[in-house]
file protein_32.tsv (TSV, C-alpha atoms and all ligand atoms)
chain	number	residue	atom	x	y	z
A	108	MET	CA	39.09	47.29	114.68
A	109	SER	CA	37.33	43.94	114.77
A	110	GLY	CA	34.38	45.12	112.71
A	111	TYR	CA	32.02	43.29	115.08
A	112	LYS	CA	28.77	45.22	115.45
A	113	LYS	CA	26.21	42.80	116.91
A	114	PHE	CA	26.69	41.25	120.33
A	115	ALA	CA	24.67	38.79	122.40
A	116	ILE	CA	24.95	37.97	126.09
A	117	VAL	CA	23.53	34.61	127.09
A	118	GLY	CA	22.61	34.33	130.79
A	119	ALA	CA	23.11	37.91	131.97
A	120	GLY	CA	23.19	37.93	135.78
A	121	ASN	CA	25.81	39.24	138.23
A	122	VAL	CA	28.52	39.54	135.57
A	123	GLY	CA	26.53	39.78	132.33
A	124	GLY	CA	24.64	42.84	133.55
A	125	PHE	CA	27.89	44.83	133.71
A	126	ILE	CA	28.99	43.64	130.26
A	127	ALA	CA	25.57	44.52	128.79
A	128	GLU	CA	25.79	48.02	130.27
A	129	GLU	CA	29.24	48.66	128.73
A	130	LEU	CA	28.15	47.32	125.33
A	131	LEU	CA	25.07	49.55	125.47
A	132	LYS	CA	27.38	52.54	126.03
A	133	LYS	CA	29.22	51.53	122.84
A	134	LYS	CA	25.84	51.35	121.08
A	135	ASP	CA	24.93	54.83	122.40
A	136	ALA	CA	28.25	56.06	121.02
A	137	GLY	CA	27.40	54.59	117.59
A	138	LYS	CA	30.32	52.13	117.69
A	139	ILE	CA	28.12	49.01	117.60
A	140	ASP	CA	24.63	48.30	116.29
A	141	GLU	CA	22.95	45.83	118.60
A	142	VAL	CA	23.03	44.21	122.05
A	143	VAL	CA	20.86	41.10	122.44
A	144	ILE	CA	20.22	39.52	125.85
A	145	VAL	CA	19.22	35.86	125.68
A	146	SER	CA	17.40	34.63	128.79
A	147	ARG	CA	15.58	31.42	129.64
A	148	PRO	CA	11.79	31.66	129.14
A	149	GLU	CA	11.23	31.35	132.91
A	150	SER	CA	13.38	34.41	133.68
A	151	VAL	CA	13.04	36.54	130.55
A	152	ASP	CA	10.75	38.99	132.39
A	153	LYS	CA	13.17	39.60	135.30
A	154	GLU	CA	13.81	43.18	136.45
A	155	GLN	CA	17.39	43.26	135.12
A	156	ASN	CA	16.12	42.49	131.61
A	157	LYS	CA	13.48	45.21	131.87
A	158	THR	CA	16.19	47.70	132.85
A	159	LEU	CA	18.45	46.57	129.98
A	160	ALA	CA	15.53	46.73	127.52
A	161	ALA	CA	14.86	50.31	128.64
A	162	ARG	CA	18.55	51.04	127.95
A	163	GLY	CA	18.24	49.74	124.38
A	164	ALA	CA	18.97	46.01	124.56
A	165	ARG	CA	16.83	43.51	122.67
A	166	ILE	CA	15.66	40.78	125.04
A	167	VAL	CA	15.01	37.32	123.60
A	168	ALA	CA	13.75	34.17	125.34
A	169	ALA	CA	15.33	30.80	124.54
A	170	ALA	CA	16.02	27.72	126.64
A	171	PHE	CA	19.79	27.26	126.89
A	172	ASP	CA	19.52	23.60	125.81
A	173	ASP	CA	17.35	24.33	122.75
A	174	VAL	CA	19.71	24.63	119.77
A	175	PRO	CA	17.07	25.69	117.18
A	176	ALA	CA	15.62	28.39	119.50
A	177	LEU	CA	19.10	29.65	120.40
A	178	THR	CA	20.21	29.64	116.75
A	179	LYS	CA	17.22	31.82	115.89
A	180	ALA	CA	17.93	34.12	118.86
A	181	LEU	CA	21.58	34.51	117.79
A	182	ALA	CA	20.96	35.06	114.06
A	183	GLY	CA	23.22	37.81	112.71
A	184	VAL	CA	25.21	38.16	115.95
A	185	HIS	CA	29.00	38.49	115.56
A	186	VAL	CA	30.06	37.85	119.19
A	187	VAL	CA	28.25	35.58	121.67
A	188	ILE	CA	29.25	36.21	125.28
A	189	SER	CA	28.24	33.54	127.78
A	190	THR	CA	27.90	34.65	131.39
A	191	ILE	CA	25.94	31.58	132.45
A	192	SER	CA	26.14	30.57	136.11
A	193	LEU	CA	28.90	28.20	137.24
A	194	LEU	CA	26.04	25.91	138.32
A	195	ALA	CA	24.98	25.37	134.69
A	196	ILE	CA	28.32	25.57	132.94
A	197	ASP	CA	27.80	22.43	130.77
A	198	VAL	CA	24.80	23.93	128.99
A	199	GLN	CA	27.27	26.15	127.15
A	200	VAL	CA	27.93	23.26	124.75
A	201	THR	CA	24.49	23.77	123.18
A	202	VAL	CA	24.92	27.56	123.31
A	203	ALA	CA	28.24	27.26	121.45
A	204	GLU	CA	26.68	24.89	118.89
A	205	ALA	CA	23.90	27.38	118.27
A	206	ALA	CA	26.38	30.27	118.05
A	207	LYS	CA	28.21	28.40	115.31
A	208	ALA	CA	24.98	27.49	113.48
A	209	ALA	CA	24.01	31.18	113.63
A	210	GLY	CA	27.34	32.15	112.04
A	211	ALA	CA	28.94	33.96	115.03
A	212	SER	CA	32.65	34.81	114.75
A	213	VAL	CA	33.58	34.62	118.47
A	214	PHE	CA	32.26	32.75	121.50
A	215	VAL	CA	33.30	34.02	124.94
A	216	PRO	CA	32.80	31.18	127.44
A	217	SER	CA	31.74	31.85	131.03
A	218	GLU	CA	35.16	31.94	132.71
A	219	TYR	CA	35.97	35.34	134.35
A	220	GLY	CA	38.22	34.14	137.18
A	221	GLY	CA	41.71	32.68	137.48
A	222	PRO	CA	43.04	30.27	134.83
A	223	THR	CA	41.08	27.01	135.02
A	224	GLU	CA	43.21	24.67	132.94
A	225	ASN	CA	44.32	21.64	134.99
A	226	LEU	CA	42.38	22.57	138.13
A	227	PRO	CA	40.26	20.15	140.20
A	228	GLY	CA	36.63	20.69	141.21
A	229	PRO	CA	34.00	23.00	139.71
A	230	LEU	CA	36.52	25.59	138.51
A	231	GLY	CA	38.52	22.87	136.72
A	232	ALA	CA	35.28	21.82	135.00
A	233	LYS	CA	35.35	25.16	133.16
A	234	GLY	CA	38.89	24.50	131.94
A	235	THR	CA	37.99	20.99	130.82
A	236	LEU	CA	35.02	22.34	128.88
A	237	GLN	CA	37.11	24.77	126.83
A	238	ALA	CA	38.27	22.14	124.29
A	239	LYS	CA	34.70	20.93	123.73
A	240	LEU	CA	33.45	24.50	123.20
A	241	ARG	CA	36.22	25.15	120.65
A	242	GLU	CA	35.29	21.89	118.90
A	243	VAL	CA	31.55	22.58	118.54
A	244	GLY	CA	31.38	26.37	118.53
A	245	PRO	CA	32.91	29.42	116.88
A	246	PRO	CA	36.50	30.42	117.79
A	247	THR	CA	36.66	31.15	121.52
A	248	LEU	CA	37.94	34.11	123.50
A	249	VAL	CA	38.77	32.98	127.06
A	250	VAL	CA	38.77	35.82	129.58
A	251	TYR	CA	40.69	35.47	132.86
A	252	THR	CA	40.29	38.18	135.47
A	253	GLY	CA	41.20	36.71	138.84
A	254	PRO	CA	38.66	37.13	141.66
A	255	PHE	CA	36.26	40.05	141.36
A	256	ALA	CA	37.58	42.92	143.47
A	257	ASP	CA	34.01	44.10	144.13
A	258	PHE	CA	32.36	40.74	144.68
A	259	ALA	CA	34.68	38.59	146.80
A	260	TRP	CA	34.01	40.03	150.24
A	261	ILE	CA	31.33	37.57	151.29
A	262	PRO	CA	30.89	35.24	154.30
A	263	VAL	CA	30.76	32.03	152.24
A	264	VAL	CA	34.48	32.40	151.43
A	265	HIS	CA	35.36	33.88	154.85
A	266	LEU	CA	36.10	37.32	153.40
A	267	ASP	CA	33.35	39.41	154.96
A	268	VAL	CA	35.64	42.28	156.03
A	269	ALA	CA	32.66	44.22	157.40
A	270	SER	CA	32.22	41.51	160.06
A	271	GLY	CA	35.78	42.16	161.33
A	272	LYS	CA	36.81	38.49	160.86
A	273	VAL	CA	38.42	36.99	157.77
A	274	SER	CA	40.26	33.77	156.95
A	275	VAL	CA	42.68	33.10	154.07
A	276	GLY	CA	45.00	30.34	152.86
A	277	GLY	CA	48.77	30.12	153.41
A	278	ASP	CA	50.52	33.09	155.04
A	279	GLY	CA	48.42	35.71	153.18
A	280	ASN	CA	51.43	37.06	151.30
A	281	SER	CA	50.86	35.45	147.87
A	282	LYS	CA	50.12	38.02	145.18
A	283	ILE	CA	46.72	37.70	143.54
A	284	SER	CA	45.35	39.26	140.33
A	285	TRP	CA	42.07	41.09	140.99
A	286	THR	CA	39.59	42.77	138.64
A	287	ALA	CA	36.29	44.49	139.44
A	288	ARG	CA	33.25	43.49	137.36
A	289	GLY	CA	32.80	46.98	135.93
A	290	ASP	CA	36.46	47.05	134.88
A	291	LEU	CA	36.17	43.61	133.27
A	292	ALA	CA	33.09	44.83	131.38
A	293	ARG	CA	34.77	48.04	130.16
A	294	PHE	CA	37.87	46.12	129.06
A	295	LEU	CA	35.95	43.41	127.24
A	296	ALA	CA	33.64	45.86	125.44
A	297	HIS	CA	36.64	47.98	124.40
A	298	VAL	CA	38.71	45.09	123.12
A	299	LEU	CA	35.83	43.39	121.29
A	300	VAL	CA	35.35	46.58	119.29
A	301	HIS	CA	38.90	47.93	118.94
A	302	ALA	CA	41.18	44.87	118.73
A	303	PRO	CA	41.66	43.10	115.40
A	304	ALA	CA	39.64	39.88	114.95
A	305	SER	CA	42.91	37.91	114.97
A	306	ARG	CA	43.41	38.94	118.65
A	307	LEU	CA	39.90	37.73	119.52
A	308	GLN	CA	39.58	34.34	117.85
A	309	ASN	CA	40.95	31.30	119.71
A	310	GLN	CA	42.76	33.68	122.05
A	311	THR	CA	43.01	34.35	125.79
A	312	LEU	CA	42.64	37.72	127.52
A	313	ARG	CA	44.33	38.06	130.91
A	314	LEU	CA	43.10	41.08	132.86
A	315	GLU	CA	44.68	42.30	136.06
A	316	GLY	CA	42.98	45.31	137.63
A	317	ASP	CA	45.24	45.10	140.67
A	318	ARG	CA	47.98	42.76	141.95
A	319	VAL	CA	47.99	42.57	145.74
A	320	SER	CA	48.12	39.95	148.49
A	321	PHE	CA	45.42	39.49	151.12
A	322	ASN	CA	47.79	40.88	153.77
A	323	GLU	CA	48.35	44.05	151.71
A	324	ILE	CA	44.59	44.44	151.22
A	325	PHE	CA	43.84	43.91	154.92
A	326	ARG	CA	46.61	46.36	155.97
A	327	GLY	CA	45.19	48.97	153.61
A	328	TYR	CA	41.68	48.37	154.97
A	329	GLU	CA	42.89	48.74	158.59
A	330	GLU	CA	44.85	51.91	157.81
A	331	ARG	CA	41.93	53.55	155.99
A	332	THR	CA	39.14	52.54	158.35
A	333	GLY	CA	41.00	52.41	161.67
A	334	LYS	CA	39.32	49.01	162.24
A	335	LYS	CA	41.42	45.99	163.24
A	336	LEU	CA	40.68	42.72	161.41
A	337	GLU	CA	40.91	39.32	163.07
A	338	ILE	CA	42.72	37.26	160.43
A	339	THR	CA	42.92	33.45	160.51
A	340	TYR	CA	45.50	31.75	158.29
A	341	ARG	CA	44.69	28.25	157.08
A	342	SER	CA	47.62	26.07	155.95
A	343	THR	CA	47.72	25.10	152.29
A	344	GLU	CA	48.12	21.46	153.45
A	345	SER	CA	44.79	21.59	155.32
A	346	LEU	CA	43.08	23.24	152.35
A	347	ARG	CA	44.54	20.69	149.94
A	348	GLN	CA	43.27	17.87	152.14
A	349	LYS	CA	39.79	19.42	152.19
A	350	VAL	CA	39.74	19.70	148.39
A	351	GLU	CA	40.93	16.09	148.03
A	352	GLU	CA	38.13	14.94	150.35
A	353	ASN	CA	35.53	17.09	148.58
A	354	PRO	CA	36.47	18.72	145.24
A	355	TYR	CA	33.24	20.76	145.54
A	356	ASP	CA	34.41	22.52	148.74
A	357	PHE	CA	34.37	25.85	146.91
A	358	ASP	CA	35.82	27.87	149.80
A	359	ALA	CA	38.83	25.55	150.24
A	360	ASP	CA	39.31	25.24	146.48
A	361	LEU	CA	39.40	29.02	145.96
A	362	HIS	CA	41.65	29.78	148.93
A	363	LEU	CA	44.09	27.00	147.99
A	364	ASN	CA	44.21	28.40	144.48
A	365	TRP	CA	44.70	32.01	145.66
A	366	ALA	CA	47.42	30.98	148.14
A	367	THR	CA	49.40	28.95	145.61
A	368	ASP	CA	48.62	30.26	142.11
A	369	GLY	CA	46.56	33.44	142.28
A	370	LEU	CA	47.92	35.28	139.23
A	371	VAL	CA	46.29	35.36	135.79
A	372	GLY	CA	49.63	35.10	133.98
A	373	GLU	CA	51.20	37.85	131.85
A	374	PRO	CA	48.47	40.54	131.81
A	375	ASP	CA	47.07	41.88	128.53
A	376	ASN	CA	46.21	45.25	130.11
A	377	ALA	CA	48.19	47.06	127.39
A	378	LEU	CA	45.40	46.28	124.90
A	379	TYR	CA	43.44	49.10	126.59
A	380	PRO	CA	45.99	51.78	127.59
A	381	ASP	CA	43.29	54.08	129.10
A	382	TRP	CA	41.72	51.27	131.14
A	383	ASN	CA	42.69	52.67	134.57
A	384	PRO	CA	41.13	49.89	136.69
A	385	THR	CA	40.09	50.28	140.34
A	386	LYS	CA	42.41	49.23	143.20
A	387	VAL	CA	41.01	46.62	145.61
A	388	VAL	CA	41.50	48.82	148.67
A	389	ASP	CA	39.58	51.65	146.99
A	390	ILE	CA	36.61	49.29	146.70
A	391	ILE	CA	36.56	47.81	150.21
A	392	ALA	CA	37.64	51.01	152.00
A	393	PRO	CA	36.92	53.98	149.71
A	394	ARG	CA	38.64	57.27	150.56
A	395	LYS	CA	36.19	59.65	152.24
A	401	LIG	N1	36.03	35.89	139.55
A	401	LIG	C1	35.06	35.93	140.44
A	401	LIG	O1	35.26	36.39	141.58
A	401	LIG	C2	33.69	35.46	140.07
A	401	LIG	C3	32.62	35.68	140.95
A	401	LIG	C4	31.33	35.29	140.57
A	401	LIG	C5	31.14	34.63	139.35
A	401	LIG	N2	32.21	34.40	138.54
A	401	LIG	C6	32.01	33.70	137.26
A	401	LIG	O2	31.25	34.50	136.38
A	401	LIG	C7	30.39	33.69	135.58
A	401	LIG	C8	28.94	34.20	135.71
A	401	LIG	O3	28.58	34.14	137.09
A	401	LIG	P1	27.39	35.01	137.67
A	401	LIG	O4	27.61	35.15	139.14
A	401	LIG	O5	27.19	36.21	136.82
A	401	LIG	O6	26.17	34.01	137.44
A	401	LIG	P2	24.67	34.21	137.93
A	401	LIG	O7	24.33	35.65	138.02
A	401	LIG	O8	24.42	33.35	139.12
A	401	LIG	O9	23.87	33.52	136.72
A	401	LIG	C9	24.00	34.06	135.42
A	401	LIG	C10	22.87	33.54	134.57
A	401	LIG	O10	22.97	32.13	134.38
A	401	LIG	C11	21.67	31.65	134.05
A	401	LIG	N3	21.39	30.48	134.90
A	401	LIG	C12	21.34	30.44	136.24
A	401	LIG	N4	21.03	29.20	136.67
A	401	LIG	C13	20.87	28.44	135.56
A	401	LIG	C14	20.52	27.08	135.33
A	401	LIG	N5	20.31	26.24	136.34
A	401	LIG	N6	20.45	26.65	134.05
A	401	LIG	C15	20.69	27.50	133.02
A	401	LIG	N7	21.03	28.80	133.19
A	401	LIG	C16	21.10	29.26	134.43
A	401	LIG	C17	20.67	32.78	134.35
A	401	LIG	O11	20.29	33.39	133.11
A	401	LIG	P3	18.81	33.94	132.85
A	401	LIG	O12	18.24	34.30	134.19
A	401	LIG	O13	19.01	35.12	131.97
A	401	LIG	O14	18.06	32.85	132.19
A	401	LIG	C18	21.49	33.73	135.18
A	401	LIG	O15	21.07	35.06	135.12
A	401	LIG	C19	30.58	32.26	136.07
A	401	LIG	O16	31.49	31.61	135.21
A	401	LIG	C20	31.19	32.43	137.43
A	401	LIG	O17	31.99	31.34	137.84
A	401	LIG	C21	33.46	34.81	138.86
call {"tool": "encode", "arguments": {"input": "protein_32.tsv", "output": "structure tokens", "more": "lines below"}}
Ligand SMILES: NC(=O)c1ccc[n+]([C@@H]2O[C@H](COP(=O)([O-])OP(=O)(O)OC[C@H]3O[C@@H](n4cnc5c(N)ncnc54)[C@H](OP(=O)(O)O)[C@@H]3O)[C@@H](O)[C@H]2O)c1
result
Amino acid sequence: MSGYKKFAIVGAGNVGGFIAEELLKKKDAGKIDEVVIVSRPESVDKEQNKTLAARGARIVAAAFDDVPALTKALAGVHVVISTISLLAIDVQVTVAEAAKAAGASVFVPSEYGGPTENLPGPLGAKGTLQAKLREVGPPTLVVYTGPFADFAWIPVVHLDVASGKVSVGGDGNSKISWTARGDLARFLAHVLVHAPASRLQNQTLRLEGDRVSFNEIFRGYEERTGKKLEITYRSTESLRQKVEENPYDFDADLHLNWATDGLVGEPDNALYPDWNPTKVVDIIAPRK
């Protein structure tokens, strides 16, 4: 048991909302004492915060670049979990500084995807930031999950299965680690409470809810739904060229990464033997 009882989530949005919910379940069960949500003053009154407040979270406003305000907001917190948007990833330096000033024992940076060390573009920026966060903040816990099994099926990355047309990199056979947001949240909440502190400080967690290729997912979808998908395969050479021309071509960057290096590494799933994560096909084509 880590002994950590007070948790803060800074920038709870698409991902942080799930983590807050799982921590609040631990609070309901008497396993932890407090869940603090730190939001920017301009969004502190958003609906999600009202819902979390009604569930028992304490909502605090602080600008993410205001070290004194953040330090006050994080006073007494053992674990600071950042789920700040990829668009504002650099602001985590001040959040980590404040977490350290407030005496936190662990800082979880906003990663939650595939490994980002030595990558180009916006995802690589996360990996580059890790050393700085370790330097200025408390010990870090880096969480890799692969793409979100419940959040990837969107037009902007050509994965809108509901439209009947999808496009992926390479031949579609590369295995990819997937994790749904709810499964990530359950795993993280469990481990932050039950693992020893030594497994949480300056450590990496690699979660793999499912390990399947795009072709396996699409076959499963077609079998379950009876709908045929029109699949376009884009060569890794063409994707690489696109990323070289524009490192911020997020679609090309992600598909190149998934086609060539889509695994999280050796999974740490055994840290939560009862985890029982959801399969990708059960999310995109649930059994009736
Ligand atoms: N593996 C995957 O498939 C996958 C998919 C999506 C995201 N992710 C990763 O998960 C992490 C969180 O992403 P998300 O989708 O949850 O983010 P999000 O909902 O877009 O944003 C999270 C929070 O960031 C804060 N924020 C937004 N814009 C900001 C700005 N300009 N300056 C300062 N703070 C700002 C907001 O906090 P307040 O409103 O509370 O102030 C917001 O609620 C990121 O690292 C992202 O890359 C992974």
call {"tool": "residues_near_point", "arguments": {"input": "protein_32.tsv", "point": "(37.9, 31.6, 157.7)", "cutoff": "12 Å", "atoms": "only C-alpha atoms", "output": "JSON, numbers by chain"}}
result
{"A": [260, 261, 262, 263, 264, 265, 266, 267, 268, 270, 271, 272, 273, 274, 275, 276, 277, 337, 338, 339, 340, 341, 342, 346, 358, 359, 362]}
call {"tool": "write_last_selection", "arguments": {"input": "protein_32.tsv", "atoms": "C-alpha atoms", "output": "compact mmCIF listing (two decimals), in the coordinates of the input"}}
result
# COMPACT_ATOMS: atom_id res chain seq x y z
CA TRP A 260 34.01 40.03 150.24
CA ILE A 261 31.33 37.57 151.29
CA PRO A 262 30.89 35.24 154.30
CA VAL A 263 30.76 32.03 152.24
CA VAL A 264 34.48 32.40 151.43
CA HIS A 265 35.36 33.88 154.85
CA LEU A 266 36.10 37.32 153.40
CA ASP A 267 33.35 39.41 154.96
CA VAL A 268 35.64 42.28 156.03
CA SER A 270 32.22 41.51 160.06
CA GLY A 271 35.78 42.16 161.33
CA LYS A 272 36.81 38.49 160.86
CA VAL A 273 38.42 36.99 157.77
CA SER A 274 40.26 33.77 156.95
CA VAL A 275 42.68 33.10 154.07
CA GLY A 276 45.00 30.34 152.86
CA GLY A 277 48.77 30.12 153.41
CA GLU A 337 40.91 39.32 163.07
CA ILE A 338 42.72 37.26 160.43
CA THR A 339 42.92 33.45 160.51
CA TYR A 340 45.50 31.75 158.29
CA ARG A 341 44.69 28.25 157.08
CA SER A 342 47.62 26.07 155.95
CA LEU A 346 43.08 23.24 152.35
CA ASP A 358 35.82 27.87 149.80
CA ALA A 359 38.83 25.55 150.24
CA HIS A 362 41.65 29.78 148.93
call {"tool": "closest_residue", "arguments": {"input": "protein_32.tsv", "among": "A:Lys133, A:Lys239, A:Arg147, A:Lys112", "to": "ligand LIG 401 (chain A)", "atoms": "only C-alpha atoms and all ligand atoms"}}
result
A:Arg147
call {"tool": "closest_atom_pairs", "arguments": {"input": "protein_32.tsv", "of": "chain A", "to": "ligand LIG 401 (chain A)", "cutoff": "7 Å", "atoms": "only C-alpha atoms and all ligand atoms", "output": "Markdown table"}}
result
| residue | atom | partner | partner_atom | distance |
| --- | --- | --- | --- | --- |
| A:Val117 | CA | A:LIG401 | O13 | 6.7 |
| A:Gly118 | CA | A:LIG401 | O11 | 3.4 |
| A:Ala119 | CA | A:LIG401 | O15 | 4.7 |
| A:Gly120 | CA | A:LIG401 | O7 | 3.4 |
| A:Asn121 | CA | A:LIG401 | O5 | 3.6 |
| A:Val122 | CA | A:LIG401 | O5 | 3.8 |
| A:Gly123 | CA | A:LIG401 | O5 | 5.8 |
| A:Val145 | CA | A:LIG401 | O13 | 6.3 |
| A:Ser146 | CA | A:LIG401 | O13 | 3.6 |
| A:Arg147 | CA | A:LIG401 | O14 | 3.8 |
| A:Ser150 | CA | A:LIG401 | O12 | 4.9 |
| A:Val151 | CA | A:LIG401 | O13 | 6.3 |
| A:Phe171 | CA | A:LIG401 | C15 | 6.2 |
| A:Thr190 | CA | A:LIG401 | C8 | 4.5 |
| A:Ile191 | CA | A:LIG401 | O10 | 3.6 |
| A:Ser192 | CA | A:LIG401 | O6 | 3.7 |
| A:Leu193 | CA | A:LIG401 | O17 | 4.4 |
| A:Leu194 | CA | A:LIG401 | N5 | 6.1 |
| A:Ala195 | CA | A:LIG401 | N6 | 4.8 |
| A:Val198 | CA | A:LIG401 | C15 | 6.8 |
| A:Ser217 | CA | A:LIG401 | O16 | 4.2 |
| A:Glu218 | CA | A:LIG401 | O16 | 4.5 |
| A:Tyr219 | CA | A:LIG401 | C6 | 5.2 |
| A:Gly220 | CA | A:LIG401 | N1 | 3.7 |
| A:Gly221 | CA | A:LIG401 | N1 | 6.8 |
| A:Thr252 | CA | A:LIG401 | N1 | 6.3 |
| A:Gly253 | CA | A:LIG401 | N1 | 5.3 |
| A:Pro254 | CA | A:LIG401 | O1 | 3.5 |
| A:Phe255 | CA | A:LIG401 | O1 | 3.8 |
| A:Phe258 | CA | A:LIG401 | O1 | 6.1 |
| A:Ala259 | CA | A:LIG401 | O1 | 5.7 |
call {"tool": "closest_residue", "arguments": {"input": "protein_32.tsv", "among": "A:Val371, A:Asp140, A:Gly124, A:Ala169", "to": "Asn156 of chain A", "atoms": "only C-alpha atoms"}}
result
A:Gly124
call {"tool": "closest_residue", "arguments": {"input": "protein_32.tsv", "among": "A:Leu314, A:Ala176, A:Val319, A:Ala302", "to": "Trp365 of chain A", "atoms": "only C-alpha atoms"}}
result
A:Val319
call {"tool": "closest_residue", "arguments": {"input": "protein_32.tsv", "among": "A:Ile391, A:Ala160, A:Val250, A:Ala168", "to": "Gly234 of chain A", "atoms": "all atoms listed in the file"}}
result
A:Val250
call {"tool": "atom_distance", "arguments": {"input": "protein_32.tsv", "atom1": "atom CA of Ala292 of chain A", "atom2": "atom CA of Thr332 of chain A"}}
result
28.7 Å
call {"tool": "closest_residue", "arguments": {"input": "protein_32.tsv", "among": "A:Arg313, A:Lys113, A:Lys233, A:His301", "to": "Gly210 of chain A", "atoms": "all atoms listed in the file"}}
result
A:Lys113
call {"tool": "atom_distance", "arguments": {"input": "protein_32.tsv", "atom1": "atom CA of Tyr251 of chain A", "atom2": "atom CA of Ala203 of chain A"}}
result
18.8 Å
call {"tool": "atom_distance", "arguments": {"input": "protein_32.tsv", "atom1": "atom CA of Ala256 of chain A", "atom2": "atom CA of Leu159 of chain A"}}
result
23.7 Å
call {"tool": "residues_near_point", "arguments": {"input": "protein_32.tsv", "point": "(20.5, 23.4, 127.2)", "cutoff": "8 Å", "atoms": "all atoms listed in the file", "output": "ChimeraX atom specification"}}
result
/A:170-174,198-202
call {"tool": "residues_around", "arguments": {"input": "protein_32.tsv", "residues": "Glu329 of chain A", "least_positions_apart": "6", "cutoff": "9 Å", "atoms": "all atoms listed in the file", "output": "list in words"}}
result
Lys335, Leu336 and Ala392 of chain A
call {"tool": "closest_residue", "arguments": {"input": "protein_32.tsv", "among": "A:Ala238, A:Ile283, A:Ile324, A:Leu226", "to": "Val350 of chain A", "atoms": "only C-alpha atoms"}}
result
A:Leu226
call {"tool": "build_atoms", "arguments": {"input": "protein_32.tsv", "residues": "segment 178-191 of chain A", "atoms": "N, CA and C atoms", "output": "PDB file, keeping the file's coordinate frame"}}
result
ATOM      1  N   THR A 178      19.671  29.266 118.065  1.00  0.00           N
ATOM      2  CA  THR A 178      20.210  29.640 116.750  1.00  0.00           C
ATOM      3  C   THR A 178      19.402  30.811 116.175  1.00  0.00           C
ATOM      4  N   LYS A 179      18.085  30.733 116.359  1.00  0.00           N
ATOM      5  CA  LYS A 179      17.220  31.820 115.890  1.00  0.00           C
ATOM      6  C   LYS A 179      17.523  33.105 116.676  1.00  0.00           C
ATOM      7  N   ALA A 180      17.675  32.949 118.000  1.00  0.00           N
ATOM      8  CA  ALA A 180      17.930  34.120 118.860  1.00  0.00           C
ATOM      9  C   ALA A 180      19.261  34.788 118.490  1.00  0.00           C
ATOM     10  N   LEU A 181      20.219  33.979 118.034  1.00  0.00           N
ATOM     11  CA  LEU A 181      21.580  34.510 117.790  1.00  0.00           C
ATOM     12  C   LEU A 181      21.823  34.867 116.313  1.00  0.00           C
ATOM     13  N   ALA A 182      20.792  34.785 115.503  1.00  0.00           N
ATOM     14  CA  ALA A 182      20.960  35.060 114.060  1.00  0.00           C
ATOM     15  C   ALA A 182      21.560  36.453 113.850  1.00  0.00           C
ATOM     16  N   GLY A 183      22.613  36.517 113.066  1.00  0.00           N
ATOM     17  CA  GLY A 183      23.220  37.810 112.710  1.00  0.00           C
ATOM     18  C   GLY A 183      24.190  38.357 113.747  1.00  0.00           C
ATOM     19  N   VAL A 184      24.327  37.671 114.881  1.00  0.00           N
ATOM     20  CA  VAL A 184      25.210  38.160 115.950  1.00  0.00           C
ATOM     21  C   VAL A 184      26.669  37.798 115.628  1.00  0.00           C
ATOM     22  N   HIS A 185      27.573  38.751 115.838  1.00  0.00           N
ATOM     23  CA  HIS A 185      29.000  38.490 115.560  1.00  0.00           C
ATOM     24  C   HIS A 185      29.711  37.864 116.764  1.00  0.00           C
ATOM     25  N   VAL A 186      29.367  38.326 117.978  1.00  0.00           N
ATOM     26  CA  VAL A 186      30.060  37.850 119.190  1.00  0.00           C
ATOM     27  C   VAL A 186      29.024  37.381 120.203  1.00  0.00           C
ATOM     28  N   VAL A 187      29.153  36.132 120.645  1.00  0.00           N
ATOM     29  CA  VAL A 187      28.250  35.580 121.670  1.00  0.00           C
ATOM     30  C   VAL A 187      29.044  35.468 122.969  1.00  0.00           C
ATOM     31  N   ILE A 188      28.562  36.175 123.981  1.00  0.00           N
ATOM     32  CA  ILE A 188      29.250  36.210 125.280  1.00  0.00           C
ATOM     33  C   ILE A 188      28.412  35.401 126.265  1.00  0.00           C
ATOM     34  N   SER A 189      28.964  34.319 126.768  1.00  0.00           N
ATOM     35  CA  SER A 189      28.240  33.540 127.780  1.00  0.00           C
ATOM     36  C   SER A 189      28.653  34.021 129.167  1.00  0.00           C
ATOM     37  N   THR A 190      27.636  34.332 129.977  1.00  0.00           N
ATOM     38  CA  THR A 190      27.900  34.650 131.390  1.00  0.00           C
ATOM     39  C   THR A 190      27.018  33.757 132.251  1.00  0.00           C
ATOM     40  N   ILE A 191      26.820  32.539 131.762  1.00  0.00           N
ATOM     41  CA  ILE A 191      25.940  31.580 132.450  1.00  0.00           C
ATOM     42  C   ILE A 191      26.575  31.172 133.780  1.00  0.00           C
TER      43      ILE A 191
END
